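Novice: One structure, pasted below without further comment.
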Amino acid sequence: MSRISSTAVSPGLRWPLVYTGVFLTTLATLMLELTLTRIFSVVFYYHFAFLAISIALFGLGAGGVFSYAVQGWPGSVWRKLAVLSTLNAFFVVLSVSYVLSRQAQMTSAALAGVYVVSALPFLVSGVIVSLAISETIGRVDRVYFFDLLGAAGGCLLLIPLLNTIGAPNTVIGTGVLFASASALWYTLAGSVRMRIVSVGVALGLVWLIVVNAKNRMIDVRAAKGMALSGERFVKWNSYSRIAIQPDRHSDALLIVIDGDASTGIANFDFDKLTREERTNLLRQGPGLPYALRPGAKTLIIGPGGGWDMARALAGGSKDITGVEINKIIANTIMRERFAGLSRNIYFRPEVRIFVEDGRSFVRRSTEKYQVLQATLVDTWASTAAGAFALSENNLYTTGAFHDYLTHLTGDGILAFTRWGFQPPRESLRLITLAVEALESLGERDVARHFLVARENTHLLQGWGATDTVIISRKPLSAADVERARQLFAESKIETVYAPDMTPAETKDNAFAGFLHAQDRAAFLAGYPFDVTPVSDDKPFFFYTVQPRDIWSYLSHAVRESADYKINRAVPLLFGVMGISILGTLVTLLLPPLVLGSRLPAERGVRIFLLYFLCVGIGYILIQVALIQRFVLFLGHPQYALTVIIFSMLLSSGLGSFLSRRLGTFEDAPLRKALLGVAACVLALALLSGPVVNAGVGWPLGVRILVTALLIFPAGFLMGMPFPSGLARLERWHPQSVRWAWALNAAASVMGSAGAIFLALYIGLRATLMTGGLLYLAALAVLMVAQQRRITVAEQEAVTS
């Protein structure tokens, strides 16, 4: 059985061209993957962003398997890579065009079409990288370095491209990169004519980007099954698509986020505000805090189109701080292009605007406020992760409420407006969070700290009712409660909970039932939904499925009843986990069953394939957990995503580059590296919390540097096991190298779904530590495989 080595199969190879070709391929692939998550979030729903990650990773794994078939095609390996790269330049345009052409709600057939077409470019990328690595296995440490460096570069390049040319054109831009890589492969194949063709393809795609930027031929036409019409302005960034379009029910304009969530633009002349306008603003649910605390010093999280600021101004506030996470809304719309529509509300002397994550701002602030408000504010912090109900949200945790309450004056109040349901979910969870935070601050009579008002009660069984929850830093006075009751009555708003409610009023009232329960834990355990307080370690505020009801949700998912619509992401999560496990098994079994490649007969080789599963799953678990844990520290989900992924890929690439020099291609150093990964990840799990708490007020540059330095040791060591394992497998069974690469990619599918799954049930810290444990599992596999190889060698020595 022949050994593959760079010197044997490719003497005089122009290595810089190989490295650059791999770099461009992985650069394009990561950019395509993350851009599709954005497009899927807009055209379909947020949980399809989660699915896009799995599609990408599954395609890469399947490409590794398919490379066995490509290997048998006629021609040199470099010509094959060149042809595949050229094809992929067209496949990415086909993929984005197909996805953006979907008009109706997704049926199973339509979803299957999206899955196949979207996976095609990743399958080809998987073939390219798998063939390149197996062909250059003698320098796998350096090739893998450029693999990771390309992915890190894609992470950095993605953000300015999305901000500048938008998601559809960014996808076309990945086609330019694939065509450029094709020119390099043709150079290695010695074909000057075809290299010129590849350059022509790249230039043609650049021309297409320019034309599409002006004419929007390839663009979003429908979102969530509804046609988009009348859009006056559209701009993308790395975590949203913001549009301005007319309100269908009035003459006003709406700010529309990802084709779904929307907020109006407040349009009032506050120098000539009429009595009727002032009354209307203050007699809405979100206006109640300013009627209770007129003239309050105010902090508004997510001011958006300015409605909460309008209510504060109507209440006489002279000091209003707004913290908006989306730069397009805060700057481009409200302070530049459409400032006039809001009568320049963001420029009023009473208003100060900051662009960052609201929770991070609160932690950094040294000021105290009389009113702190957030109205229907949702942040999808991990931009590459999933469904609304599965999305992490650091605004609604016990730690967050502790931060909010400690930034209130003695008579200060929190005001949160959430969607109302019967039985209540989001609004009741707000109260469970606040109760835990209040008790941690020494408050005992917590039932006197709350007011709950409900609007649009007739929409309670569907979607549209809203609950405004008022939380006081100190027990509400009798005068406060009386004033609130009067305001509720004048505003024709239902009083859902007030401290002075009679026993008759509190009958079958979930809010009163919880606040007055002798055993609140027992109350929550028996409640139809899981509204227990969530922590920063499990920041899944919207996930309200009781563990006992998981099977019911799975078995009733198709019925789409009102109860199940709220958490329809549950069957999705379990479905994706099942698909990812199935995909991994298929990747494990497909080569011997379909392609005719025999399972390696050598003892120790079969079990060693599990090593690549452990490393693949472990890497993704660690990465996803770290992204979420550092959102607060870095102040913005975009910063967390970029800094964590870039730091991990760059440090891992350096680890790969130096792995041979540091000896990890041998057993003892590799064992130390695997142990080192586990130790560093354990240290990260224990230290990240204290560092986040201590450094939240540091300058952004310092926080980025500290994050990179914290991650570097673990990332550096995590770059060594994969190339070291491939080199070892090449010595044992060269035919399995591409198979191992495919398994590693397929395992990443399982890891991406598993990270959310584990975080929901055991928390982010435990998920991070689980990733570290998987490197110990890889160590155990390595030791078992090596021992079996030694046994075989001893038996052969005795026989001879």
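Every chain in the structure tokens has a letter given in the order shown (A, B, ...), and although residue numbers restart at 1 in each chain, ligands are simply numbered from 1 in the order shown.
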Fewer than 4 positions away in the same chain doesn't count, so skip those; otherwise give me all residues within 8 Å of Thr375 in chain A, counting only C-alpha atoms, as a list in words.
Specialist: Pro286, Ile301, Gly302, Asp308, Ala415, Phe416, Thr417 and Arg418 of chain A
Novice: Can you list, as a list in words, every residue of range 247-352 of chain A that DSSP puts in alpha helix (DSSP H)?
Specialist: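 Secondary structure check on range 247-352 of chain A, alpha helix (DSSP H): Arg275, Glu276, Glu277, Arg278, Thr279, Asn280, Leu281, Leu282, Leu288, Pro289, Tyr290, Ala291, Leu292, Trp307, Asp308, Met309, Ala310, Arg311, Ala312, Leu313, Ala314 and Lys327 of chain A.
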Novice: I'd like to know which of A:Phe90, A:Tyr68, A:Trp307, A:Phe347 is closest to Leu376 in chain A, using only C-alpha atoms.
Specialist: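 Result for the nearest residue to Leu376 in chain A: A:Trp307.
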Novice: Restrict the calculation to only C-alpha atoms, then for each residue of range 627-723 of chain A with any atom at most 12 Å from an atom of range 9-28 of chain A give the closest atom pair and their distance in Å to one decimal, rows by chain and rising residue number, as CSV.
Specialist:
residue,atom,partner,partner_atom,distance
A:Phe646,CA,A:Leu27,CA,11.9
A:Leu649,CA,A:Thr26,CA,11.5
A:Gly653,CA,A:Phe23,CA,11.4
A:Phe657,CA,A:Tyr19,CA,11.9
Novice: Could you take the residues named above and write them with all heavy atoms, as a PDB file, in the first residue's frame?
Specialist:
ATOM      1  N   PHE A 646     -12.174  35.044  14.764  1.00  0.00           N
ATOM      2  CA  PHE A 646     -10.882  35.414  14.198  1.00  0.00           C
ATOM      3  C   PHE A 646      -9.735  34.971  15.111  1.00  0.00           C
ATOM      4  O   PHE A 646      -8.740  34.394  14.645  1.00  0.00           O
ATOM      5  CB  PHE A 646     -10.812  36.919  13.968  1.00  0.00           C
ATOM      6  CG  PHE A 646      -9.483  37.384  13.421  1.00  0.00           C
ATOM      7  CD1 PHE A 646      -9.172  37.218  12.092  1.00  0.00           C
ATOM      8  CD2 PHE A 646      -8.541  37.973  14.261  1.00  0.00           C
ATOM      9  CE1 PHE A 646      -7.946  37.635  11.587  1.00  0.00           C
ATOM     10  CE2 PHE A 646      -7.316  38.383  13.771  1.00  0.00           C
ATOM     11  CZ  PHE A 646      -7.017  38.217  12.431  1.00  0.00           C
ATOM     12  N   LEU A 649      -9.401  31.090  15.014  1.00  0.00           N
ATOM     13  CA  LEU A 649      -8.871  30.573  13.749  1.00  0.00           C
ATOM     14  C   LEU A 649      -7.413  30.967  13.543  1.00  0.00           C
ATOM     15  O   LEU A 649      -6.590  30.165  13.090  1.00  0.00           O
ATOM     16  CB  LEU A 649      -9.726  31.076  12.584  1.00  0.00           C
ATOM     17  CG  LEU A 649     -11.140  30.503  12.496  1.00  0.00           C
ATOM     18  CD1 LEU A 649     -11.930  31.183  11.389  1.00  0.00           C
ATOM     19  CD2 LEU A 649     -11.118  29.003  12.277  1.00  0.00           C
ATOM     20  N   GLY A 653      -4.491  28.375  13.539  1.00  0.00           N
ATOM     21  CA  GLY A 653      -3.638  28.294  12.365  1.00  0.00           C
ATOM     22  C   GLY A 653      -2.160  28.333  12.729  1.00  0.00           C
ATOM     23  O   GLY A 653      -1.352  27.576  12.180  1.00  0.00           O
ATOM     24  N   PHE A 657       0.636  25.520  12.065  1.00  0.00           N
ATOM     25  CA  PHE A 657       1.875  25.838  11.354  1.00  0.00           C
ATOM     26  C   PHE A 657       3.107  25.347  12.122  1.00  0.00           C
ATOM     27  O   PHE A 657       4.090  24.889  11.526  1.00  0.00           O
ATOM     28  CB  PHE A 657       1.958  27.349  11.145  1.00  0.00           C
ATOM     29  CG  PHE A 657       3.073  27.783  10.242  1.00  0.00           C
ATOM     30  CD1 PHE A 657       2.930  27.725   8.872  1.00  0.00           C
ATOM     31  CD2 PHE A 657       4.273  28.248  10.763  1.00  0.00           C
ATOM     32  CE1 PHE A 657       3.952  28.116   8.022  1.00  0.00           C
ATOM     33  CE2 PHE A 657       5.302  28.644   9.934  1.00  0.00           C
ATOM     34  CZ  PHE A 657       5.144  28.582   8.554  1.00  0.00           C
TER      35      PHE A 657
END
Novice: Figure out the distance between CA of Ser250 in chain A and CA of Leu459 in chain A, please, to one decimal in Å.
Specialist: 20.1 Å
Novice: Write out as a list in words which residues come within 9 Å of Arg278 in chain A when counting only C-alpha atoms, dropping same-chain ones fewer than 5 positions away.
Specialist: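 Near Arg278 in chain A, the qualifying residues are Leu273, Arg283, Arg311, Ala314 and Gly315 of chain A.
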Novice: So that I have them on file, write out the residues from the current selection with C-alpha atoms, as a tab-separated table (two decimals), in the first residue's frame.
Specialist:
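Ended up saving to out.tsv:
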chain	number	residue	atom	x	y	z
A	273	LEU	CA	-47.08	69.30	21.36
A	283	ARG	CA	-51.84	56.61	28.17
A	311	ARG	CA	-43.23	59.30	25.56
A	314	ALA	CA	-44.21	64.04	26.68
A	315	GLY	CA	-43.76	63.21	30.36
Novice: Compile the contact shell of range 706-709 of chain A as an NGL selection string: residues with an atom at most 10 Å away, counting only C-alpha atoms, same-chain residues fewer than 6 positions apart removed.
Specialist: :A and (626 or 630 or 633-634 or 640 or 643-648 or 650-651 or 688 or 691-692 or 695 or 700 or 715)
Novice: Next, the residues of the selection above should be written as a PDB file, in the first residue's frame with C-alpha atoms.
Specialist:
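Generated file (out_31.pdb):
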ATOM      1  CA  LEU A 626     -17.069  31.501  23.919  1.00  0.00           C
ATOM      2  CA  PHE A 630     -17.955  37.376  25.596  1.00  0.00           C
ATOM      3  CA  PHE A 633     -17.555  41.952  27.682  1.00  0.00           C
ATOM      4  CA  LEU A 634     -17.106  43.210  24.123  1.00  0.00           C
ATOM      5  CA  ALA A 640     -17.997  38.949  19.902  1.00  0.00           C
ATOM      6  CA  VAL A 643     -13.103  38.672  17.707  1.00  0.00           C
ATOM      7  CA  ILE A 644     -13.765  35.123  18.937  1.00  0.00           C
ATOM      8  CA  ILE A 645     -13.841  33.437  15.526  1.00  0.00           C
ATOM      9  CA  PHE A 646     -10.882  35.414  14.198  1.00  0.00           C
ATOM     10  CA  SER A 647      -8.808  34.863  17.351  1.00  0.00           C
ATOM     11  CA  MET A 648      -9.549  31.145  17.439  1.00  0.00           C
ATOM     12  CA  LEU A 650      -5.697  32.648  13.726  1.00  0.00           C
ATOM     13  CA  SER A 651      -4.267  31.088  16.882  1.00  0.00           C
ATOM     14  CA  SER A 688     -14.161  34.276  31.719  1.00  0.00           C
ATOM     15  CA  VAL A 691     -12.878  38.855  33.672  1.00  0.00           C
ATOM     16  CA  VAL A 692     -16.171  39.944  32.106  1.00  0.00           C
ATOM     17  CA  GLY A 695     -13.340  44.564  32.712  1.00  0.00           C
ATOM     18  CA  LEU A 700     -12.969  48.636  23.690  1.00  0.00           C
ATOM     19  CA  GLY A 715      -6.741  28.202  20.252  1.00  0.00           C
TER      20      GLY A 715
END
Novice: I'd like the neighbourhood of Leu613 in chain A as number ranges by chain, where a residue qualifies if any of its atoms comes within 9 Å (using only C-alpha atoms), though same-chain residues fewer than 5 positions away should be ignored.
Specialist: A: 584, 618, 740, 743-748, 778
Novice: Taking 5 positions as the minimum chain separation for residues in the same chain, which residues sit within 9 Å of Gly306 in chain A when counting only C-alpha atoms? Answer as a PyMOL selection string.
Specialist: chain A and resi 263-267+311+334+342+345-346
